[in-house]
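A short worksheet on the structure shown next.
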Amino acid sequence: YAWQKIYKTYFDKVGVTQKLKKHSVKTKKDSIDFDKAWKNGVWNCYQTLSFDLKKTDSIKGKVYKWSGILKELETSKEEMSLYFLTTTPKETDSELKDFIKSTLTDHSTKKIKVSIVTEAEAEKFAAQVRKDMEKSKVI
């Protein structure tokens, strides 16, 4: 939903969508797959997460699910930058937004850098991805 409705438009506009590949990260007990990734020394993986849900419990459940996945990713030998491309309901209170951000970005380590991108930042973020790809000669 978040990809089709928002992010893909901006990634297409700057011409980077077709440069994204699937990437699988091997961890101690599993393998975590990302549909959208590219490499410039480390893997840059993009995961869409829609928090545009009616119930706070559903939002928190999704955050806790990804918190667990991030914990497993920490067991990987691979370095990566993981970007959550998110959508949130218009009336989300700041406490819930803080919860989402802190719970997910608290998993940033030397090996895994976790960032959250919001709908409002989507266009600027896509332009930055393009610049980074150009700098790395991916484009």
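Order determines the names: the first chain of the structure tokens is A, the second B, and so forth; residues in each chain are numbered 1 upward, and ligands are numbered 1 upward as they are shown.
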
Would you mind listing, for every residue of segment 70-91 of chain A within 7 Å of segment 22-33 of chain A, the two atoms forming the shortest contact and the distance between them in Å to one decimal, using only C-alpha atoms, sorted by chain and ascending residue number, as a Markdown table?
```
| residue | atom | partner | partner_atom | distance |
| --- | --- | --- | --- | --- |
| A:Glu72 | CA | A:Thr27 | CA | 6.5 |
| A:Leu73 | CA | A:Thr27 | CA | 5.9 |
| A:Thr75 | CA | A:Thr27 | CA | 5.4 |
| A:Ser76 | CA | A:Thr27 | CA | 4.3 |
```

- Task: Check the DSSP output for the backbone and give back, as a ChimeraX atom specification, the residues of segment 12-98 of chain A in alpha helix (DSSP H).
- Result: /A:12-13,56-73,94-98

Save the residues we just selected, N, CA, C and O atoms, as a compact mmCIF listing (two decimals), in the first residue's frame?
```
# COMPACT_ATOMS: atom_id res chain seq x y z
N ASP A 12 9.89 6.47 -9.10
CA ASP A 12 9.76 6.44 -10.56
C ASP A 12 10.16 7.79 -11.16
O ASP A 12 10.87 7.84 -12.16
N LYS A 13 9.70 8.85 -10.53
CA LYS A 13 9.94 10.21 -11.04
C LYS A 13 11.43 10.51 -11.17
O LYS A 13 11.86 11.14 -12.13
N THR A 56 -4.80 1.62 17.72
CA THR A 56 -3.46 1.82 18.27
C THR A 56 -2.78 0.48 18.53
O THR A 56 -1.59 0.32 18.27
N ASP A 57 -3.54 -0.50 19.02
CA ASP A 57 -2.98 -1.82 19.29
C ASP A 57 -2.43 -2.47 18.03
O ASP A 57 -1.42 -3.16 18.07
N SER A 58 -3.11 -2.26 16.90
CA SER A 58 -2.64 -2.82 15.63
C SER A 58 -1.33 -2.17 15.21
O SER A 58 -0.42 -2.84 14.71
N ILE A 59 -1.24 -0.87 15.41
CA ILE A 59 0.00 -0.14 15.08
C ILE A 59 1.14 -0.66 15.96
O ILE A 59 2.21 -0.99 15.46
N LYS A 60 0.87 -0.75 17.26
CA LYS A 60 1.91 -1.23 18.18
C LYS A 60 2.31 -2.67 17.85
O LYS A 60 3.49 -3.01 17.91
N GLY A 61 1.34 -3.49 17.48
CA GLY A 61 1.64 -4.88 17.10
C GLY A 61 2.60 -4.95 15.93
O GLY A 61 3.55 -5.74 15.92
N LYS A 62 2.39 -4.09 14.95
CA LYS A 62 3.27 -4.04 13.78
C LYS A 62 4.67 -3.57 14.17
O LYS A 62 5.66 -4.10 13.70
N VAL A 63 4.73 -2.59 15.04
CA VAL A 63 6.02 -2.08 15.52
C VAL A 63 6.77 -3.19 16.27
O VAL A 63 7.96 -3.42 16.04
N TYR A 64 6.07 -3.90 17.15
CA TYR A 64 6.72 -4.98 17.91
C TYR A 64 7.17 -6.12 16.99
O TYR A 64 8.23 -6.71 17.19
N LYS A 65 6.38 -6.41 15.96
CA LYS A 65 6.76 -7.44 14.99
C LYS A 65 8.09 -7.06 14.34
O LYS A 65 9.02 -7.86 14.28
N TRP A 66 8.18 -5.82 13.87
CA TRP A 66 9.41 -5.39 13.20
C TRP A 66 10.57 -5.24 14.18
O TRP A 66 11.73 -5.43 13.82
N SER A 67 10.26 -4.92 15.41
CA SER A 67 11.29 -4.85 16.43
C SER A 67 11.94 -6.23 16.59
O SER A 67 13.17 -6.35 16.68
N GLY A 68 11.14 -7.27 16.55
CA GLY A 68 11.66 -8.64 16.62
C GLY A 68 12.48 -9.00 15.40
O GLY A 68 13.53 -9.64 15.50
N ILE A 69 12.01 -8.59 14.22
CA ILE A 69 12.75 -8.86 12.98
C ILE A 69 14.10 -8.13 13.03
O ILE A 69 15.13 -8.69 12.64
N LEU A 70 14.09 -6.90 13.52
CA LEU A 70 15.34 -6.14 13.64
C LEU A 70 16.30 -6.82 14.60
O LEU A 70 17.51 -6.87 14.35
N LYS A 71 15.78 -7.38 15.67
CA LYS A 71 16.61 -8.10 16.64
C LYS A 71 17.29 -9.29 15.94
O LYS A 71 18.47 -9.55 16.15
N GLU A 72 16.55 -9.99 15.10
CA GLU A 72 17.12 -11.11 14.35
C GLU A 72 18.15 -10.61 13.32
O GLU A 72 19.20 -11.22 13.15
N LEU A 73 17.86 -9.47 12.67
CA LEU A 73 18.81 -8.91 11.69
C LEU A 73 20.15 -8.57 12.35
O LEU A 73 21.19 -8.64 11.70
N SER A 94 1.31 12.48 18.84
CA SER A 94 2.78 12.53 18.83
C SER A 94 3.39 11.44 19.71
O SER A 94 4.48 10.95 19.44
N GLU A 95 2.68 11.03 20.75
CA GLU A 95 3.18 9.97 21.63
C GLU A 95 3.32 8.65 20.84
O GLU A 95 4.32 7.95 20.97
N LEU A 96 2.34 8.35 20.00
CA LEU A 96 2.39 7.13 19.19
C LEU A 96 3.49 7.24 18.13
O LEU A 96 4.23 6.29 17.90
N LYS A 97 3.62 8.40 17.52
CA LYS A 97 4.70 8.61 16.53
C LYS A 97 6.06 8.43 17.19
O LYS A 97 6.96 7.82 16.62
N ASP A 98 6.22 8.96 18.39
CA ASP A 98 7.48 8.80 19.14
C ASP A 98 7.74 7.33 19.45
O ASP A 98 8.88 6.86 19.37
```

- Query: Using only C-alpha atoms, which residue out of A:Lys39, A:Lys8, A:Lys113, A:Lys19 lies closest to Ser136 of chain A?
  - Reply: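 Of the candidates, the smallest distance to Ser136 of chain A is held by A:Lys39.
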
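Straight-line separation from atom CA of Phe11 of chain A to atom CA of Lys36 of chain A: 11.1 Å.
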
- Task: Pick out the residues sitting within 8 Å of Trp43 of chain A, and hand them over as number ranges by chain; count only C-alpha atoms, and ignore anything fewer than 5 positions along from it in its own chain.
- Result: A: 37-38, 79-81

With 10 Å as the cut-off and only C-alpha atoms counted, what is the closest atom pair between each nearby residue of segment 90-120 of chain A and segment 49-55 of chain A? Distances in Å to one decimal, ordered by chain and number, as JSON lines.
```
{"residue": "A:Lys90", "atom": "CA", "partner": "A:Asp52", "partner_atom": "CA", "distance": 8.1}
{"residue": "A:Glu91", "atom": "CA", "partner": "A:Asp52", "partner_atom": "CA", "distance": 9.7}
{"residue": "A:Thr92", "atom": "CA", "partner": "A:Asp52", "partner_atom": "CA", "distance": 8.8}
{"residue": "A:Lys97", "atom": "CA", "partner": "A:Phe51", "partner_atom": "CA", "distance": 9.7}
{"residue": "A:Ile100", "atom": "CA", "partner": "A:Phe51", "partner_atom": "CA", "distance": 9.1}
{"residue": "A:Ile116", "atom": "CA", "partner": "A:Leu49", "partner_atom": "CA", "distance": 9.6}
{"residue": "A:Val117", "atom": "CA", "partner": "A:Leu49", "partner_atom": "CA", "distance": 9.9}
{"residue": "A:Thr118", "atom": "CA", "partner": "A:Leu49", "partner_atom": "CA", "distance": 10.0}
```

Keeping only C-alpha atoms, write the selected residues to a file as a compact mmCIF listing (two decimals), in the first residue's frame.
```
# COMPACT_ATOMS: atom_id res chain seq x y z
CA LYS A 90 -3.50 11.84 9.88
CA GLU A 91 -4.70 11.94 13.48
CA THR A 92 -1.84 9.95 15.03
CA LYS A 97 4.70 8.61 16.53
CA ILE A 100 7.11 4.03 16.48
CA ILE A 116 12.26 6.05 9.26
CA VAL A 117 10.99 8.00 6.27
CA THR A 118 7.56 9.63 6.45
```

- Which value, in Å to one decimal, gives the distance between atom CA of Leu104 of chain A and atom CA of Glu121 of chain A? 17.6 Å

- Message: Using only C-alpha atoms, which protein or nucleic acid residues come within 12 Å of Ser115 of chain A? Drop anything in the same chain fewer than 5 positions from it, and give the result as a PyMOL selection string.
- Response: chain A and resi 44-48+70+80-86+100-109+121+125

Could you write those residues out with N, CA and C atoms, as a PDB file, in the first residue's frame?
```pdb
ATOM      1  N   ASN A  44      21.480  -1.054   1.000  1.00  0.00           N
ATOM      2  CA  ASN A  44      20.438  -0.106   1.377  1.00  0.00           C
ATOM      3  C   ASN A  44      19.120  -0.811   1.092  1.00  0.00           C
ATOM      4  N   CYS A  45      18.399  -1.148   2.147  1.00  0.00           N
ATOM      5  CA  CYS A  45      17.152  -1.895   1.984  1.00  0.00           C
ATOM      6  C   CYS A  45      15.980  -1.004   2.359  1.00  0.00           C
ATOM      7  N   TYR A  46      14.919  -1.100   1.565  1.00  0.00           N
ATOM      8  CA  TYR A  46      13.724  -0.294   1.798  1.00  0.00           C
ATOM      9  C   TYR A  46      12.565  -1.211   2.118  1.00  0.00           C
ATOM     10  N   GLN A  47      11.927  -0.944   3.245  1.00  0.00           N
ATOM     11  CA  GLN A  47      10.785  -1.740   3.680  1.00  0.00           C
ATOM     12  C   GLN A  47       9.613  -0.793   3.911  1.00  0.00           C
ATOM     13  N   THR A  48       8.521  -1.020   3.188  1.00  0.00           N
ATOM     14  CA  THR A  48       7.359  -0.172   3.417  1.00  0.00           C
ATOM     15  C   THR A  48       6.602  -0.692   4.634  1.00  0.00           C
ATOM     16  N   LEU A  70      14.089  -6.901  13.523  1.00  0.00           N
ATOM     17  CA  LEU A  70      15.342  -6.137  13.637  1.00  0.00           C
ATOM     18  C   LEU A  70      16.303  -6.822  14.599  1.00  0.00           C
ATOM     19  N   MET A  80      24.219  -3.110   6.932  1.00  0.00           N
ATOM     20  CA  MET A  80      23.141  -2.618   6.076  1.00  0.00           C
ATOM     21  C   MET A  80      22.541  -1.337   6.620  1.00  0.00           C
ATOM     22  N   SER A  81      21.877  -0.619   5.720  1.00  0.00           N
ATOM     23  CA  SER A  81      21.057   0.526   6.101  1.00  0.00           C
ATOM     24  C   SER A  81      19.637   0.134   5.754  1.00  0.00           C
ATOM     25  N   LEU A  82      18.770   0.166   6.743  1.00  0.00           N
ATOM     26  CA  LEU A  82      17.375  -0.204   6.537  1.00  0.00           C
ATOM     27  C   LEU A  82      16.511   1.040   6.687  1.00  0.00           C
ATOM     28  N   TYR A  83      15.753   1.310   5.647  1.00  0.00           N
ATOM     29  CA  TYR A  83      14.865   2.472   5.638  1.00  0.00           C
ATOM     30  C   TYR A  83      13.421   1.991   5.647  1.00  0.00           C
ATOM     31  N   PHE A  84      12.684   2.392   6.660  1.00  0.00           N
ATOM     32  CA  PHE A  84      11.258   2.092   6.702  1.00  0.00           C
ATOM     33  C   PHE A  84      10.530   3.234   6.011  1.00  0.00           C
ATOM     34  N   LEU A  85       9.860   2.921   4.906  1.00  0.00           N
ATOM     35  CA  LEU A  85       9.081   3.914   4.176  1.00  0.00           C
ATOM     36  C   LEU A  85       7.665   3.809   4.727  1.00  0.00           C
ATOM     37  N   THR A  86       7.258   4.794   5.524  1.00  0.00           N
ATOM     38  CA  THR A  86       6.039   4.651   6.309  1.00  0.00           C
ATOM     39  C   THR A  86       4.877   5.544   5.874  1.00  0.00           C
ATOM     40  N   ILE A 100       6.711   4.696  17.725  1.00  0.00           N
ATOM     41  CA  ILE A 100       7.106   4.031  16.478  1.00  0.00           C
ATOM     42  C   ILE A 100       8.583   4.318  16.199  1.00  0.00           C
ATOM     43  N   LYS A 101       8.921   5.601  16.215  1.00  0.00           N
ATOM     44  CA  LYS A 101      10.283   6.015  15.878  1.00  0.00           C
ATOM     45  C   LYS A 101      11.310   5.445  16.851  1.00  0.00           C
ATOM     46  N   SER A 102      11.079   5.628  18.139  1.00  0.00           N
ATOM     47  CA  SER A 102      12.083   5.174  19.109  1.00  0.00           C
ATOM     48  C   SER A 102      12.193   3.656  19.150  1.00  0.00           C
ATOM     49  N   THR A 103      11.079   2.948  19.072  1.00  0.00           N
ATOM     50  CA  THR A 103      11.131   1.480  19.141  1.00  0.00           C
ATOM     51  C   THR A 103      11.902   0.904  17.961  1.00  0.00           C
ATOM     52  N   LEU A 104      11.684   1.447  16.780  1.00  0.00           N
ATOM     53  CA  LEU A 104      12.369   0.904  15.600  1.00  0.00           C
ATOM     54  C   LEU A 104      13.805   1.411  15.468  1.00  0.00           C
ATOM     55  N   THR A 105      14.042   2.688  15.708  1.00  0.00           N
ATOM     56  CA  THR A 105      15.403   3.207  15.530  1.00  0.00           C
ATOM     57  C   THR A 105      16.324   2.833  16.692  1.00  0.00           C
ATOM     58  N   ASP A 106      15.771   2.391  17.808  1.00  0.00           N
ATOM     59  CA  ASP A 106      16.603   1.910  18.915  1.00  0.00           C
ATOM     60  C   ASP A 106      17.421   0.697  18.511  1.00  0.00           C
ATOM     61  N   HIS A 107      17.048   0.072  17.400  1.00  0.00           N
ATOM     62  CA  HIS A 107      17.773  -1.108  16.933  1.00  0.00           C
ATOM     63  C   HIS A 107      18.990  -0.752  16.079  1.00  0.00           C
ATOM     64  N   SER A 108      19.228   0.535  15.871  1.00  0.00           N
ATOM     65  CA  SER A 108      20.411   0.927  15.106  1.00  0.00           C
ATOM     66  C   SER A 108      21.665   0.495  15.854  1.00  0.00           C
ATOM     67  N   THR A 109      22.560  -0.153  15.123  1.00  0.00           N
ATOM     68  CA  THR A 109      23.832  -0.589  15.709  1.00  0.00           C
ATOM     69  C   THR A 109      24.931  -0.179  14.730  1.00  0.00           C
ATOM     70  N   GLU A 121       8.340  13.267   3.767  1.00  0.00           N
ATOM     71  CA  GLU A 121       9.741  13.276   3.331  1.00  0.00           C
ATOM     72  C   GLU A 121       9.980  12.463   2.054  1.00  0.00           C
ATOM     73  N   PHE A 125      13.380  12.294  -0.083  1.00  0.00           N
ATOM     74  CA  PHE A 125      14.128  11.063   0.133  1.00  0.00           C
ATOM     75  C   PHE A 125      14.473  10.389  -1.199  1.00  0.00           C
TER      76      PHE A 125
END
```
